[in-house]
Amino acid sequence: MRAKLLLVVFCLILSSLASHATHIVGGEFELVHLNNFNYRLSLIQYFDDINGNPLIKQQDLSVLVYIYRKRDDMLVRTITLPRISITDVSYTNINCTIGSLKTSKLIYASNITLSADHYGDPEGYYIVWERCCRNGTITNITNPGTTGQTFYLEFPPVVKDDSPFINSSPVLFPPLSDYACVNQPYYVDFNGTDPDGDSVVYKLVTPLNTSDLQGGPNGTPNALPTPSPAPHAPITWVSGIGLNNIIPGSPTLQINKAGLLTVTPNRRGLYVFSVLAEEYRDRKKIGEVRRDFQMLVIDCPPPGVAPQVQVKLPNSNVFYSESETITFGKDDPKCIKMLVTDKDGRENIRLKAIPVNFSADLGGLFTVSQGFIENASDTLEFEVCFPQCPFIANKPYIVDLIAMDNTCSLPLADTIRVTVFVEPPVNESPRFTSPNIRTLSASLMVGETFNLPINARDGDNDFMTLEVLSWGFTLEDYGMKLTKLIDQEGQLDHSFKFTADCNKYDFSTRQSFPFTFIVKDLDDCNFGNPDTLLLNLNLIFPSNNIPVVSIPSLQNLEITARIGTTLVFDVLSKDADNDMINLKGFGKDFDLVLSGAEFPATSGTGATQSTFTWPLICEKFNLTVKDEYEFLFVSEDLGSCKGINKDTLRLKVKILPPLNDKPVVSINDLANTSITLLTGSTLDLEVIGYDQDNDFITLELVEVNEKAVKLSYHFEPVNGIGLVRSRLQWTPECSILDKNSVDNRFEFTFVVKDNKCVNRKADTLKLEVMIEDIPADYEAAQFYNFFSPNGDALNPTFIVKDLPEDNCFSQFIGVFVYDRYGKLVFQSPERDFQWDGRGAANGVYYYHVRYTQHDFKGWVHLVY
């Protein structure tokens, strides 16, 4: 029992933490192409180990991300990504570690398939995940502890122009767990790499908030809201902060197009920001990814003075000027001296070389890459040696030589840019000798063999390599062979052979085979200009009839169908050559399966048939958004030896709303909806709702006029299928009457509604009730002027017959009888009083019958 109790308490703690936890530093998505239509999707989340609860870091064992289509924000798929690692984010300089800054990197990832059938929309797709909450100590946004982050990535379709469109998202530079110092320059490289060589442009944007800000306990934000489609709401900056001064300073936070983030902050705080990396190919944007992160700004000691760098030219005491070019002959030593001073003294100095107009790893330029300056007057001397082979052939290359000290949080540095020209060794380029033309096209019938000798020679007698590039296929896929015959100094001979065997290989999807053959020599610097041979092979197939797709039951290929019905028909494909054919169905710009339609793919020899079934269920449609659907029924020859022949039949279906009879509301046994009711009487009416279509209906009293709002009536709303009943019950009291008004009408409005998902209908009935007071007939009262209580039973008492009943405005008070001297001799509060004259003498007496709004007065003669 105790163990169960502890488990419940632990779960409650986790639930409480999840509902309101501040821990998010930032993060982003990555989508990496693996092969074919397979990808690796990762979500990277950065966690604040100082301000965040460690239980929260362990809590999210997986995340559920949503993929939406950009064109209409339709949900395409949800994907669960398990957590695969938790690691620390490192500092640039470990000696600069402070106790108020520690960040963890959480990675969630899984391999996924993005098929062409589901991810081919030209406008692309986006991935979303939402998590709350950010650090409660963030300075530049409002309510940071209840503000979340929306992780967001856009990616292009996986096919374009019927061909695979291979793309991976940019991989951003891993962020550093560094801090910035007030009034000191800060920089960090947010630049990344693009696996496809696409251009990436960076800019600052406003971070995105989460969608469900009140879905948690007691109206707090939902810690794990359902990822919503675009657009996504931004966070709210505090007063005085905006996109142009996310971190106040001089300059404020900026990022250039290459991804270098810079700022010189002028006040302390914890600042959140977001970097948008936009991906371009052929000058067209194809994707984007957001990274949110935060920067801590603190007060730091004065930074001191940056080191100073100078370069001495080879065999000279002259210092290098950046306007010069250092030239090395092919046989010259290629070393220079790099001199570093630092006026602060007692500084660790590290060296770094960065290529400017080329790409290469330059770690090998320094024989020694770090040293220690003891005194301000000391000079460190380093040797920088460039390789024998230039990084760029026949042109100068540029290198930035950087010396950095050990200042916190980021080192102070000095850079000298050197321009170097290295004379490469002499080299003669290789060339193809057979074939003797550089662009070759050939055609062959299916079943034939194509042979081509590919020979190359090199005038320097260098060894050579031959590379073959095939676009969209491999040689092995189709039984092609490239055989090396001779490989020796100055000579490289190959034989290319292709037998178009359609019984072994499938040529149904490809009949054109473009190749590029590239020969390179293996000279000392690999700068020999390669020779290129272009070859394009085209297959010729025997004649073949196209299969024909038809829908025998339809005369028109533009039809209508009504919600609530089921569209059913057979699709037939026939092939005059009696080839093996297949038959498939697709939705144009929508998913056939998600729409609720069924069309099993089939195949057969000469003919095949499949049944299309589409139950038009209300819940599947929003006719204000989309009411026309186009289906494509495609049949292909499957005979590889005859090539591809394909027929496509297009069917357009316009969806109509369901037929719907209006429900009716009525009142049982009431012919007129305007009635009169006396006060004190009871109104009891049965209100009926009826729907001829047997729909689910709801009957409600939706409106009463202002006078009726405070009435003590009773009516219960009801719902049901086809027929519903409820009673209106009311006993009006005098308090509702207005004695100053003759209009005491009360209105009740009843509505019955059906629940058709489209084309809903309703009926309304208005009941008018006129409330009247009980009438008082004062003329009907009968008064007698004589009575004789002498025992003969004739008129023994004084009574009044037919006194009016009480109503709301006049009530009986009593009867009073006086003698001729005005003395009260009898009184009674009873309406049916009787006075027998007991104790009174013969004579005339005067009566007074009193009502609140009326009086009766007269006399009566008493005789014994």
# chains A, B, ... in the order shown; residues from 1 in each chain; ligands from 1

$ residues_around --residues "A:Asp60" --least-positions-apart "3" --cutoff "9 Å" --atoms "only C-alpha atoms" --output "list of chain:residue names"
A:Ile56, A:Lys57, A:Val63, A:Pro82, A:Arg83

$ closest_residue --among "A:Met770, A:Gly136, A:Tyr821, A:Asn660" --to "A:Lys753" --atoms "only C-alpha atoms"
A:Asn660

$ closest_residue --among "A:Val519, A:Val625, A:Leu594, A:Val769" --to "A:Leu677" --atoms "only C-alpha atoms"
A:Val769

$ closest_residue --among "A:Ser42, A:Thr150, A:Asn348, A:Thr605" --to "A:Thr407" --atoms "only C-alpha atoms"
A:Asn348

$ decode --residues "stretch 617-703 of chain A" --atoms "C-alpha atoms" --output "CSV table (one decimal), in the first residue's frame"
chain,number,residue,atom,x,y,z
A,617,ILE,CA,-19.5,11.1,-44.4
A,618,CYS,CA,-20.3,14.5,-43.1
A,619,GLU,CA,-17.3,14.7,-40.8
A,620,LYS,CA,-14.8,14.4,-43.7
A,621,PHE,CA,-15.9,17.6,-45.5
A,622,ASN,CA,-15.8,21.3,-45.0
A,623,LEU,CA,-17.5,22.5,-48.2
A,624,THR,CA,-16.6,26.2,-47.5
A,625,VAL,CA,-12.9,25.2,-47.9
A,626,LYS,CA,-13.1,22.4,-50.6
A,627,ASP,CA,-16.1,21.0,-52.5
A,628,GLU,CA,-14.4,19.7,-55.6
A,629,TYR,CA,-12.2,16.6,-55.8
A,630,GLU,CA,-10.2,15.2,-58.7
A,631,PHE,CA,-9.3,11.5,-58.8
A,632,LEU,CA,-6.6,10.1,-61.1
A,633,PHE,CA,-6.9,6.4,-62.2
A,634,VAL,CA,-3.6,5.3,-63.7
A,635,SER,CA,-2.8,2.1,-65.6
A,636,GLU,CA,0.7,1.2,-66.8
A,637,ASP,CA,2.2,-1.6,-68.9
A,638,LEU,CA,4.4,-3.8,-66.7
A,639,GLY,CA,6.3,-5.4,-69.5
A,640,SER,CA,9.8,-4.1,-69.2
A,641,CYS,CA,10.7,-5.2,-72.7
A,642,LYS,CA,8.2,-2.8,-74.2
A,643,GLY,CA,8.8,0.2,-72.2
A,644,ILE,CA,6.3,2.3,-70.3
A,645,ASN,CA,2.9,3.0,-71.7
A,646,LYS,CA,0.5,4.8,-69.3
A,647,ASP,CA,-3.1,6.0,-69.5
A,648,THR,CA,-4.6,8.3,-66.9
A,649,LEU,CA,-8.3,8.9,-66.5
A,650,ARG,CA,-9.4,12.0,-64.5
A,651,LEU,CA,-12.7,12.1,-62.6
A,652,LYS,CA,-13.9,15.3,-61.1
A,653,VAL,CA,-16.5,15.0,-58.3
A,654,LYS,CA,-18.3,18.0,-56.9
A,655,ILE,CA,-19.7,17.4,-53.4
A,656,LEU,CA,-23.2,18.6,-52.7
A,657,PRO,CA,-24.6,19.2,-49.2
A,658,PRO,CA,-27.0,16.6,-47.8
A,659,LEU,CA,-30.7,16.8,-48.5
A,660,ASN,CA,-32.4,18.0,-45.3
A,661,ASP,CA,-36.0,18.6,-44.3
A,662,LYS,CA,-36.5,21.3,-41.7
A,663,PRO,CA,-37.5,20.0,-38.3
A,664,VAL,CA,-40.8,21.3,-36.9
A,665,VAL,CA,-41.6,22.7,-33.4
A,666,SER,CA,-45.2,22.6,-32.2
A,667,ILE,CA,-47.3,22.7,-29.0
A,668,ASN,CA,-49.6,19.8,-28.5
A,669,ASP,CA,-53.4,20.5,-28.5
A,670,LEU,CA,-52.8,24.2,-29.0
A,671,ALA,CA,-54.3,25.6,-32.2
A,672,ASN,CA,-53.4,29.2,-31.5
A,673,THR,CA,-50.0,30.4,-30.2
A,674,SER,CA,-51.5,33.4,-28.6
A,675,ILE,CA,-53.5,32.5,-25.4
A,676,THR,CA,-54.9,34.2,-22.3
A,677,LEU,CA,-54.3,33.0,-18.7
A,678,LEU,CA,-55.7,34.2,-15.4
A,679,THR,CA,-53.5,34.8,-12.5
A,680,GLY,CA,-53.4,31.8,-10.2
A,681,SER,CA,-54.2,29.4,-13.1
A,682,THR,CA,-51.6,26.8,-14.2
A,683,LEU,CA,-50.2,26.7,-17.7
A,684,ASP,CA,-49.0,23.2,-18.7
A,685,LEU,CA,-48.1,22.7,-22.4
A,686,GLU,CA,-46.3,19.9,-24.1
A,687,VAL,CA,-43.7,21.3,-26.7
A,688,ILE,CA,-42.8,18.9,-29.4
A,689,GLY,CA,-39.8,18.8,-31.8
A,690,TYR,CA,-40.1,16.5,-34.9
A,691,ASP,CA,-37.7,15.7,-37.7
A,692,GLN,CA,-38.9,13.8,-40.7
A,693,ASP,CA,-35.3,12.7,-41.6
A,694,ASN,CA,-35.0,11.2,-38.2
A,695,ASP,CA,-31.9,13.4,-37.5
A,696,PHE,CA,-30.6,14.1,-34.0
A,697,ILE,CA,-32.4,17.2,-32.9
A,698,THR,CA,-32.3,19.6,-30.0
A,699,LEU,CA,-35.3,21.5,-28.6
A,700,GLU,CA,-34.6,24.6,-26.5
A,701,LEU,CA,-36.4,27.6,-25.1
A,702,VAL,CA,-34.0,30.2,-26.5
A,703,GLU,CA,-35.6,33.5,-25.7
